[in-house]
Amino acid sequence: MTIRVAIAGVGNCASALVQGTHFYRDDNPHNSGVGLANPTLGGYRCADIEFAAAFDVDARKVGKPLTEAIFASPNCAARFATNIPDDGVIVQMGPELDGIAEHMRGAVDGDAFCVSDEPPVALEEALAASGADVLVCYMPVGSTRAAERYAEACINAGVAMVNCMPVPIASCHDWAARFRDARLPIVGDDIKSQVGATIVHRVLAALMEDRGVKLERTYQLNTGGNTDFLNMLDRSRLEHKRRSKTGAVQAQLATPLADRDVHIGPSDFVPWLDDRKLAFIRLEGSGFGEQAVEMEIRLSVEDSPNSAGVAIDAIRCAKVGLDRGWIGPIEPACALYMKSPPVQHREDEATRDLKQLLDG
């Protein structure tokens, strides 16, 4: 059994995803299984994923083999898989639309972030010809029109979708209805990392709530050096991202915090961090006797590999959805793997519900 995957956006997250499917193959002597929450999910292994198509707009990637493009500048994700064989997938020119922030043109390593001269391909035809089962959307934060264009192409080509970015697709009533009408599953929106700032913040907020501590103020500040953080220097592109990350934490509280008392989102771009992400989380509250309880966390992770294992689980859920005829948002998978699902659930509830769904 295989899962044929198309990728929209061949950046660092795509690099980690492609590397991971090779790293966890049975014949890899370095495969200890460490890092996989689910070695098998719905009958599919990580190694059952193969790539059918890839789309980007960067001249350094378009026209190149996918296995070469994932390491092209400005990508800086860690290289943890070696001897990746060429799978024959060539990166095709996708629609640019709002995919590149203006300040990033000419801002990467002093080299222009150049859009390829190749004309965009017909997405629906390219997806249909590739035989893709699932498309993974890795468009940059703020690429609303681009993400919606790929969603449209999935619906028209009969391809399931995993939306890893914060543009509302699965969580949008109209888009969710269109996927249901097309009898296609979708998992979205905005991928959670394996042990990232959002999941840590959510768990700590829920812990305080469960233990009778009233959370009164909190912040989460994130810095990194990859193109995701460079892109987010344009604050006009952050509306969905801030809403997604803030909502994921607020959903753990019986009474949401006032806007003044919660600040969650990207803070700055530090080039020498490359793909490393630093998150600083602070929670302040009142416990027994209304005495102060304060907590500070510093989290350091390799950003893109931290999300790839979760994306692999989401991809497998989408394929199981295709196999079993699930349509529209797969609610437990959305709640477990995404920051901004159609319906928020606690982690334990979403895990339980997804297991019941897969076992049913």
# chains A, B, ... in the order shown; residues from 1 in each chain; ligands from 1
>>> residues_around(residues="stretch 253-266 of chain A", least_positions_apart="5", cutoff="9 Å", atoms="only C-alpha atoms", output="VMD selection string")
chain A and resid 205 to 206 209 215 to 224 229 232 to 233 238 241 to 243 245 to 246 279 281
>>> select_by_dssp(residues="stretch 55-267 of chain A", states="strand (DSSP E)", output="number ranges by chain")
A: 55-56, 91-93, 134-137, 160-163, 185-188, 214-224, 262-267
>>> write_last_selection(atoms="N, CA and C atoms", output="short mmCIF file (atom, residue, chain, number, x, y, z; two decimals), in the first residue's frame")
data_model
loop_
_atom_site.label_atom_id
_atom_site.label_comp_id
_atom_site.auth_asym_id
_atom_site.auth_seq_id
_atom_site.Cartn_x
_atom_site.Cartn_y
_atom_site.Cartn_z
N PHE A 55 5.29 21.55 -6.20
CA PHE A 55 5.09 22.86 -6.82
C PHE A 55 5.80 23.93 -5.99
N ASP A 56 6.42 24.88 -6.68
CA ASP A 56 7.06 26.02 -6.03
C ASP A 56 7.13 27.13 -7.06
N VAL A 91 10.12 19.50 -9.69
CA VAL A 91 9.34 20.60 -9.13
C VAL A 91 8.74 21.44 -10.25
N GLN A 92 7.43 21.62 -10.23
CA GLN A 92 6.72 22.37 -11.27
C GLN A 92 6.41 23.79 -10.78
N MET A 93 6.22 24.68 -11.72
CA MET A 93 5.91 26.07 -11.40
C MET A 93 4.46 26.18 -10.97
N VAL A 134 -3.05 12.77 -1.90
CA VAL A 134 -3.12 13.84 -0.90
C VAL A 134 -2.19 14.96 -1.30
N LEU A 135 -2.63 16.20 -1.17
CA LEU A 135 -1.76 17.36 -1.34
C LEU A 135 -1.49 17.97 0.02
N VAL A 136 -0.21 18.24 0.31
CA VAL A 136 0.19 18.91 1.53
C VAL A 136 0.49 20.36 1.20
N CYS A 137 -0.23 21.28 1.84
CA CYS A 137 -0.05 22.71 1.56
C CYS A 137 0.94 23.30 2.56
N ALA A 160 -7.30 14.63 -1.78
CA ALA A 160 -7.46 15.04 -0.38
C ALA A 160 -6.42 16.09 -0.04
N MET A 161 -6.63 16.82 1.06
CA MET A 161 -5.73 17.92 1.41
C MET A 161 -5.33 17.86 2.88
N VAL A 162 -4.07 18.19 3.12
CA VAL A 162 -3.59 18.45 4.47
C VAL A 162 -3.08 19.89 4.45
N ASN A 163 -3.79 20.78 5.15
CA ASN A 163 -3.43 22.19 5.14
C ASN A 163 -2.59 22.52 6.36
N PRO A 185 -11.74 14.07 1.90
CA PRO A 185 -11.35 14.45 3.25
C PRO A 185 -10.32 15.57 3.25
N ILE A 186 -10.29 16.31 4.37
CA ILE A 186 -9.28 17.34 4.57
C ILE A 186 -8.88 17.35 6.04
N VAL A 187 -7.60 17.59 6.29
CA VAL A 187 -7.09 17.76 7.65
C VAL A 187 -6.43 19.14 7.71
N GLY A 188 -6.88 20.00 8.60
CA GLY A 188 -6.33 21.34 8.72
C GLY A 188 -6.92 22.04 9.95
N LYS A 214 -5.76 29.68 38.60
CA LYS A 214 -6.37 30.60 37.64
C LYS A 214 -5.28 31.28 36.83
N LEU A 215 -5.22 30.97 35.53
CA LEU A 215 -4.26 31.62 34.64
C LEU A 215 -4.72 33.05 34.39
N GLU A 216 -3.85 34.01 34.64
CA GLU A 216 -4.23 35.42 34.54
C GLU A 216 -3.53 36.16 33.41
N ARG A 217 -2.31 35.76 33.11
CA ARG A 217 -1.56 36.41 32.04
C ARG A 217 -0.60 35.39 31.42
N THR A 218 -0.35 35.51 30.12
CA THR A 218 0.61 34.61 29.49
C THR A 218 1.14 35.22 28.20
N TYR A 219 2.35 34.84 27.86
CA TYR A 219 2.88 35.19 26.54
C TYR A 219 3.68 34.03 25.98
N GLN A 220 3.84 34.07 24.67
CA GLN A 220 4.69 33.12 23.94
C GLN A 220 5.41 33.92 22.86
N LEU A 221 6.72 34.00 22.95
CA LEU A 221 7.55 34.74 22.00
C LEU A 221 8.41 33.74 21.24
N ASN A 222 8.40 33.84 19.93
CA ASN A 222 9.14 32.89 19.09
C ASN A 222 10.13 33.60 18.19
N THR A 223 11.34 33.06 18.09
CA THR A 223 12.33 33.58 17.16
C THR A 223 12.92 32.43 16.37
N GLY A 224 13.37 32.73 15.16
CA GLY A 224 14.00 31.71 14.33
C GLY A 224 14.72 32.36 13.17
N VAL A 262 -2.94 38.27 27.03
CA VAL A 262 -2.37 37.15 26.28
C VAL A 262 -1.68 37.69 25.03
N HIS A 263 -0.44 37.27 24.83
CA HIS A 263 0.31 37.67 23.64
C HIS A 263 1.05 36.44 23.13
N ILE A 264 0.67 35.99 21.95
CA ILE A 264 1.24 34.78 21.38
C ILE A 264 1.54 35.03 19.91
N GLY A 265 2.78 34.76 19.52
CA GLY A 265 3.10 34.91 18.11
C GLY A 265 4.57 35.06 17.85
N PRO A 266 4.95 35.07 16.56
CA PRO A 266 6.35 35.25 16.18
C PRO A 266 6.84 36.63 16.59
N SER A 267 8.12 36.70 16.98
CA SER A 267 8.66 37.95 17.50
C SER A 267 9.75 38.54 16.62
#
>>> closest_atom_pairs(of="stretch 133-245 of chain A", to="stretch 290-309 of chain A", cutoff="9 Å", atoms="only C-alpha atoms", output="CSV")
residue,atom,partner,partner_atom,distance
A:Ile191,CA,A:Ser307,CA,6.9
A:Lys192,CA,A:Ser307,CA,6.5
A:Ser193,CA,A:Ser307,CA,4.1
A:Gln194,CA,A:Asn306,CA,5.3
A:Val195,CA,A:Asn306,CA,6.8
A:Gly196,CA,A:Asn306,CA,7.1
A:Ala197,CA,A:Leu299,CA,7.2
A:Val200,CA,A:Leu299,CA,8.9
A:Val213,CA,A:Val293,CA,7.8
A:Lys214,CA,A:Glu290,CA,8.7
A:Leu215,CA,A:Val293,CA,8.8
A:Gly224,CA,A:Asp303,CA,8.3
A:Asn226,CA,A:Asp303,CA,8.7
>>> atom_distance(atom1="atom CA of A:Ala182", atom2="atom CA of A:Asp359")
24.9 Å
>>> select_by_dssp(residues="stretch 95-199 of chain A", states="alpha helix (DSSP H)", output="number ranges by chain")
A: 123-130, 144-157, 173-181, 197-199
>>> atom_distance(atom1="atom CA of A:Asn28", atom2="atom CA of A:Val320")
25.5 Å
>>> residues_around(residues="A:Thr2", least_positions_apart="6", cutoff="12 Å", atoms="only C-alpha atoms", output="mmCIF file with all heavy atoms, in the first residue's frame")
data_model
loop_
_atom_site.group_PDB
_atom_site.id
_atom_site.type_symbol
_atom_site.label_atom_id
_atom_site.label_comp_id
_atom_site.auth_asym_id
_atom_site.auth_seq_id
_atom_site.Cartn_x
_atom_site.Cartn_y
_atom_site.Cartn_z
ATOM 1 N N THR A 21 10.565 10.387 5.198
ATOM 2 C CA THR A 21 10.015 9.180 4.586
ATOM 3 C C THR A 21 11.111 8.209 4.186
ATOM 4 O O THR A 21 10.870 6.999 4.082
ATOM 5 C CB THR A 21 9.157 9.524 3.348
ATOM 6 O OG1 THR A 21 9.970 10.164 2.358
ATOM 7 C CG2 THR A 21 8.002 10.445 3.727
ATOM 8 N N GLY A 43 -2.984 1.356 9.222
ATOM 9 C CA GLY A 43 -2.408 0.337 8.351
ATOM 10 C C GLY A 43 -1.264 0.822 7.494
ATOM 11 O O GLY A 43 -0.633 0.027 6.773
ATOM 12 N N TYR A 44 -0.947 2.112 7.557
ATOM 13 C CA TYR A 44 0.122 2.686 6.746
ATOM 14 C C TYR A 44 1.347 3.009 7.597
ATOM 15 O O TYR A 44 1.235 3.541 8.698
ATOM 16 C CB TYR A 44 -0.352 3.969 6.055
ATOM 17 C CG TYR A 44 -1.383 3.742 4.982
ATOM 18 C CD1 TYR A 44 -2.744 3.930 5.237
ATOM 19 C CD2 TYR A 44 -0.997 3.323 3.709
ATOM 20 C CE1 TYR A 44 -3.689 3.721 4.257
ATOM 21 C CE2 TYR A 44 -1.952 3.104 2.715
ATOM 22 C CZ TYR A 44 -3.292 3.308 2.994
ATOM 23 O OH TYR A 44 -4.232 3.089 2.009
ATOM 24 N N ARG A 45 2.521 2.681 7.053
ATOM 25 C CA ARG A 45 3.782 3.065 7.672
ATOM 26 C C ARG A 45 4.278 4.371 7.061
ATOM 27 O O ARG A 45 3.836 4.769 5.986
ATOM 28 C CB ARG A 45 4.838 1.983 7.456
ATOM 29 C CG ARG A 45 4.495 0.605 8.001
ATOM 30 C CD ARG A 45 5.396 -0.444 7.385
ATOM 31 N NE ARG A 45 5.319 -0.386 5.930
ATOM 32 C CZ ARG A 45 6.339 -0.672 5.111
ATOM 33 N NH1 ARG A 45 7.514 -0.993 5.619
ATOM 34 N NH2 ARG A 45 6.191 -0.611 3.807
ATOM 35 N N CYS A 46 5.207 4.986 7.736
ATOM 36 C CA CYS A 46 5.825 6.197 7.197
ATOM 37 C C CYS A 46 6.427 5.923 5.820
ATOM 38 O O CYS A 46 6.329 6.737 4.900
ATOM 39 C CB CYS A 46 6.895 6.683 8.175
ATOM 40 S SG CYS A 46 7.813 8.125 7.635
ATOM 41 N N ALA A 47 7.055 4.764 5.667
ATOM 42 C CA ALA A 47 7.726 4.423 4.409
ATOM 43 C C ALA A 47 6.758 4.162 3.266
ATOM 44 O O ALA A 47 7.186 4.024 2.107
ATOM 45 C CB ALA A 47 8.621 3.202 4.617
ATOM 46 N N ASP A 48 5.462 4.101 3.550
ATOM 47 C CA ASP A 48 4.475 3.896 2.484
ATOM 48 C C ASP A 48 4.196 5.184 1.718
ATOM 49 O O ASP A 48 3.502 5.162 0.697
ATOM 50 C CB ASP A 48 3.169 3.354 3.069
ATOM 51 C CG ASP A 48 3.318 1.936 3.599
ATOM 52 O OD1 ASP A 48 4.116 1.175 3.036
ATOM 53 O OD2 ASP A 48 2.636 1.600 4.592
ATOM 54 N N ILE A 49 4.707 6.303 2.218
ATOM 55 C CA ILE A 49 4.516 7.583 1.537
ATOM 56 C C ILE A 49 5.522 7.719 0.400
ATOM 57 O O ILE A 49 6.722 7.518 0.589
ATOM 58 C CB ILE A 49 4.670 8.756 2.520
ATOM 59 C CG1 ILE A 49 3.538 8.733 3.557
ATOM 60 C CG2 ILE A 49 4.692 10.093 1.792
ATOM 61 C CD1 ILE A 49 3.693 9.749 4.665
ATOM 62 N N GLU A 50 5.032 8.033 -0.771
ATOM 63 C CA GLU A 50 5.900 8.356 -1.903
ATOM 64 C C GLU A 50 5.395 9.660 -2.520
ATOM 65 O O GLU A 50 4.238 10.039 -2.338
ATOM 66 C CB GLU A 50 5.926 7.238 -2.938
ATOM 67 C CG GLU A 50 4.584 6.912 -3.549
ATOM 68 C CD GLU A 50 4.647 5.742 -4.520
ATOM 69 O OE1 GLU A 50 5.399 4.779 -4.264
ATOM 70 O OE2 GLU A 50 3.938 5.802 -5.546
ATOM 71 N N PHE A 51 6.271 10.330 -3.224
ATOM 72 C CA PHE A 51 5.922 11.662 -3.718
ATOM 73 C C PHE A 51 5.578 11.616 -5.200
ATOM 74 O O PHE A 51 6.244 10.951 -5.992
ATOM 75 C CB PHE A 51 7.058 12.640 -3.397
ATOM 76 C CG PHE A 51 7.210 12.816 -1.918
ATOM 77 C CD1 PHE A 51 8.139 12.058 -1.217
ATOM 78 C CD2 PHE A 51 6.363 13.644 -1.216
ATOM 79 C CE1 PHE A 51 8.232 12.151 0.162
ATOM 80 C CE2 PHE A 51 6.442 13.749 0.162
ATOM 81 C CZ PHE A 51 7.389 12.996 0.850
ATOM 82 N N ALA A 52 4.494 12.294 -5.513
ATOM 83 C CA ALA A 52 3.939 12.248 -6.861
ATOM 84 C C ALA A 52 4.139 13.547 -7.619
ATOM 85 O O ALA A 52 4.242 13.543 -8.852
ATOM 86 C CB ALA A 52 2.446 11.930 -6.792
ATOM 87 N N GLY A 131 -1.380 11.371 -10.220
ATOM 88 C CA GLY A 131 -1.982 10.292 -9.448
ATOM 89 C C GLY A 131 -1.904 10.520 -7.948
ATOM 90 O O GLY A 131 -1.999 9.566 -7.159
ATOM 91 N N ALA A 132 -1.763 11.775 -7.532
ATOM 92 C CA ALA A 132 -1.641 12.090 -6.111
ATOM 93 C C ALA A 132 -2.928 11.739 -5.362
ATOM 94 O O ALA A 132 -4.037 11.957 -5.862
ATOM 95 C CB ALA A 132 -1.318 13.566 -5.917
ATOM 96 N N ASP A 133 -2.754 11.192 -4.161
ATOM 97 C CA ASP A 133 -3.884 10.949 -3.270
ATOM 98 C C ASP A 133 -4.145 12.156 -2.374
ATOM 99 O O ASP A 133 -5.292 12.495 -2.084
ATOM 100 C CB ASP A 133 -3.600 9.743 -2.361
ATOM 101 C CG ASP A 133 -3.367 8.468 -3.123
ATOM 102 O OD1 ASP A 133 -4.240 8.085 -3.907
ATOM 103 O OD2 ASP A 133 -2.297 7.843 -2.928
ATOM 104 N N VAL A 134 -3.046 12.767 -1.899
ATOM 105 C CA VAL A 134 -3.124 13.836 -0.899
ATOM 106 C C VAL A 134 -2.186 14.960 -1.303
ATOM 107 O O VAL A 134 -1.045 14.700 -1.721
ATOM 108 C CB VAL A 134 -2.712 13.323 0.503
ATOM 109 C CG1 VAL A 134 -2.798 14.437 1.539
ATOM 110 C CG2 VAL A 134 -3.556 12.127 0.922
ATOM 111 N N ILE A 315 -1.103 13.089 6.965
ATOM 112 C CA ILE A 315 -1.183 12.529 5.606
ATOM 113 C C ILE A 315 -1.810 11.144 5.643
ATOM 114 O O ILE A 315 -2.698 10.819 4.831
ATOM 115 C CB ILE A 315 0.221 12.473 4.974
ATOM 116 C CG1 ILE A 315 0.715 13.882 4.640
ATOM 117 C CG2 ILE A 315 0.222 11.587 3.725
ATOM 118 C CD1 ILE A 315 2.208 13.947 4.326
ATOM 119 N N ARG A 316 -1.369 10.330 6.583
ATOM 120 C CA ARG A 316 -1.908 8.972 6.665
ATOM 121 C C ARG A 316 -3.389 8.986 7.028
ATOM 122 O O ARG A 316 -4.170 8.181 6.510
ATOM 123 C CB ARG A 316 -1.086 8.141 7.659
ATOM 124 C CG ARG A 316 0.314 7.832 7.125
ATOM 125 C CD ARG A 316 1.102 6.916 8.049
ATOM 126 N NE ARG A 316 1.566 7.608 9.259
ATOM 127 C CZ ARG A 316 2.272 7.015 10.219
ATOM 128 N NH1 ARG A 316 2.574 5.722 10.112
ATOM 129 N NH2 ARG A 316 2.675 7.709 11.277
ATOM 130 N N LYS A 319 -5.326 9.773 3.906
ATOM 131 C CA LYS A 319 -5.418 8.618 2.996
ATOM 132 C C LYS A 319 -6.410 7.587 3.527
ATOM 133 O O LYS A 319 -7.192 7.000 2.756
ATOM 134 C CB LYS A 319 -4.037 7.974 2.827
ATOM 135 C CG LYS A 319 -4.028 6.771 1.872
ATOM 136 C CD LYS A 319 -4.543 7.134 0.486
ATOM 137 C CE LYS A 319 -4.231 6.074 -0.574
ATOM 138 N NZ LYS A 319 -5.009 4.832 -0.380
ATOM 139 N N VAL A 320 -6.409 7.352 4.838
ATOM 140 C CA VAL A 320 -7.409 6.453 5.413
ATOM 141 C C VAL A 320 -8.809 7.003 5.142
ATOM 142 O O VAL A 320 -9.743 6.251 4.841
ATOM 143 C CB VAL A 320 -7.185 6.269 6.925
ATOM 144 C CG1 VAL A 320 -8.334 5.470 7.547
ATOM 145 C CG2 VAL A 320 -5.861 5.555 7.190
ATOM 146 N N ASP A 323 -9.705 6.065 1.705
ATOM 147 C CA ASP A 323 -9.987 4.629 1.626
ATOM 148 C C ASP A 323 -11.370 4.298 2.162
ATOM 149 O O ASP A 323 -12.061 3.424 1.634
ATOM 150 C CB ASP A 323 -8.948 3.841 2.433
ATOM 151 C CG ASP A 323 -7.535 3.949 1.871
ATOM 152 O OD1 ASP A 323 -7.390 4.338 0.700
ATOM 153 O OD2 ASP A 323 -6.585 3.642 2.628
#
>>> closest_residue(among="A:Thr227, A:Thr351, A:Ser236, A:Ser15", to="A:Met104", atoms="only C-alpha atoms")
A:Thr227
>>> residues_around(residues="stretch 331-347 of chain A", least_positions_apart="6", cutoff="8 Å", atoms="only C-alpha atoms", output="list in words")
Cys164, Pro166, Pro168, Ala170, Ser171, Cys172, Val187, Gly188, Asp189, Asp190, Ile191, Lys192, Thr198, Ser244, Lys245, Gly247, Ala248, Ala251, Gln252, Val310, Ala311, Ala314, Cys317, Asp353 and Leu354 of chain A
>>> write_last_selection(atoms="N, CA, C and O atoms", output="tab-separated table (two decimals), in the first residue's frame")
chain	number	residue	atom	x	y	z
A	164	CYS	N	-1.28	22.65	6.13
A	164	CYS	CA	-0.34	22.89	7.23
A	164	CYS	C	-0.17	24.36	7.56
A	164	CYS	O	0.62	24.70	8.44
A	166	PRO	N	-1.89	28.46	8.32
A	166	PRO	CA	-3.02	28.96	9.10
A	166	PRO	C	-4.18	29.59	8.33
A	166	PRO	O	-5.13	30.07	8.96
A	168	PRO	N	-7.66	29.65	6.89
A	168	PRO	CA	-8.80	28.77	7.18
A	168	PRO	C	-9.32	28.07	5.93
A	168	PRO	O	-9.83	28.72	5.01
A	170	ALA	N	-10.04	23.98	6.25
A	170	ALA	CA	-10.86	23.00	6.98
A	170	ALA	C	-11.77	23.68	7.99
A	170	ALA	O	-12.89	23.22	8.24
A	171	SER	N	-11.28	24.78	8.59
A	171	SER	CA	-12.05	25.47	9.62
A	171	SER	C	-12.98	26.55	9.07
A	171	SER	O	-13.64	27.26	9.83
A	172	CYS	N	-13.04	26.67	7.74
A	172	CYS	CA	-13.95	27.61	7.09
A	172	CYS	C	-15.20	26.84	6.65
A	172	CYS	O	-15.09	25.82	5.94
A	187	VAL	N	-7.60	17.59	6.29
A	187	VAL	CA	-7.09	17.76	7.65
A	187	VAL	C	-6.43	19.14	7.71
A	187	VAL	O	-5.53	19.45	6.92
A	188	GLY	N	-6.88	20.00	8.60
A	188	GLY	CA	-6.33	21.34	8.72
A	188	GLY	C	-6.92	22.04	9.95
A	188	GLY	O	-7.80	21.49	10.60
A	189	ASP	N	-6.47	23.21	10.32
A	189	ASP	CA	-5.53	24.08	9.62
A	189	ASP	C	-4.38	24.44	10.57
A	189	ASP	O	-4.61	24.60	11.78
A	190	ASP	N	-3.18	24.61	10.04
A	190	ASP	CA	-1.99	25.09	10.75
A	190	ASP	C	-1.41	23.99	11.62
A	190	ASP	O	-1.79	23.81	12.77
A	191	ILE	N	-0.41	23.32	11.09
A	191	ILE	CA	0.17	22.13	11.73
A	191	ILE	C	0.76	22.45	13.10
A	191	ILE	O	1.40	23.47	13.30
A	192	LYS	N	0.49	21.57	14.06
A	192	LYS	CA	1.18	21.62	15.35
A	192	LYS	C	2.52	20.88	15.19
A	192	LYS	O	2.60	19.90	14.46
A	198	THR	N	3.32	25.69	20.69
A	198	THR	CA	1.88	25.65	20.87
A	198	THR	C	1.45	24.48	21.74
A	198	THR	O	0.66	24.65	22.68
A	244	SER	N	-4.60	31.79	15.06
A	244	SER	CA	-4.49	30.34	15.19
A	244	SER	C	-3.76	29.95	16.47
A	244	SER	O	-4.23	29.12	17.26
A	245	LYS	N	-2.58	30.56	16.70
A	245	LYS	CA	-1.78	30.20	17.87
A	245	LYS	C	-2.47	30.64	19.17
A	245	LYS	O	-2.46	29.90	20.16
A	247	GLY	N	-5.76	31.14	19.64
A	247	GLY	CA	-6.96	30.33	19.83
A	247	GLY	C	-6.65	28.94	20.35
A	247	GLY	O	-7.42	28.37	21.14
A	248	ALA	N	-5.51	28.37	19.93
A	248	ALA	CA	-5.13	27.04	20.39
A	248	ALA	C	-4.91	27.00	21.89
A	248	ALA	O	-5.24	26.02	22.56
A	251	ALA	N	-8.32	27.97	23.93
A	251	ALA	CA	-9.31	26.88	23.93
A	251	ALA	C	-9.16	25.96	25.13
A	251	ALA	O	-10.08	25.20	25.46
A	252	GLN	N	-8.01	26.02	25.82
A	252	GLN	CA	-7.80	25.17	26.99
A	252	GLN	C	-8.41	25.76	28.26
A	252	GLN	O	-8.45	25.10	29.30
A	310	VAL	N	4.36	15.02	12.57
A	310	VAL	CA	2.93	15.29	12.70
A	310	VAL	C	2.28	15.33	11.32
A	310	VAL	O	1.18	14.80	11.11
A	311	ALA	N	2.97	15.95	10.36
A	311	ALA	CA	2.45	15.99	9.00
A	311	ALA	C	2.30	14.58	8.43
A	311	ALA	O	1.31	14.29	7.72
A	314	ALA	N	-0.84	13.18	9.75
A	314	ALA	CA	-1.99	13.83	9.11
A	314	ALA	C	-2.20	13.30	7.69
A	314	ALA	O	-3.34	13.07	7.25
A	317	CYS	N	-3.79	9.92	7.89
A	317	CYS	CA	-5.22	10.04	8.22
A	317	CYS	C	-6.03	10.44	6.99
A	317	CYS	O	-7.14	9.92	6.77
A	353	ASP	N	-10.52	10.07	20.49
A	353	ASP	CA	-11.52	10.07	19.42
A	353	ASP	C	-10.93	9.58	18.09
A	353	ASP	O	-11.61	8.87	17.34
A	354	LEU	N	-9.68	9.96	17.82
A	354	LEU	CA	-9.06	9.52	16.57
A	354	LEU	C	-8.82	8.00	16.61
A	354	LEU	O	-9.04	7.31	15.62
>>> atom_distance(atom1="atom CA of A:Asp27", atom2="atom CA of A:Asn83")
12.3 Å
>>> residues_around(residues="stretch 145-156 of chain A", least_positions_apart="4", cutoff="9 Å", atoms="only C-alpha atoms", output="list of chain:residue names")
A:Ala8, A:Pro95, A:Glu96, A:Leu97, A:Asp98, A:Gly99, A:Leu123, A:Glu124, A:Glu125, A:Leu127, A:Val134, A:Leu135, A:Cys137, A:Tyr138, A:Met139, A:Pro140, A:Ala160, A:Met161, A:Asn163, A:Met165, A:Val167, A:Pro168, A:Ile169, A:Trp175, A:Arg178, A:Phe179, A:Ala182, A:Arg183, A:Leu184
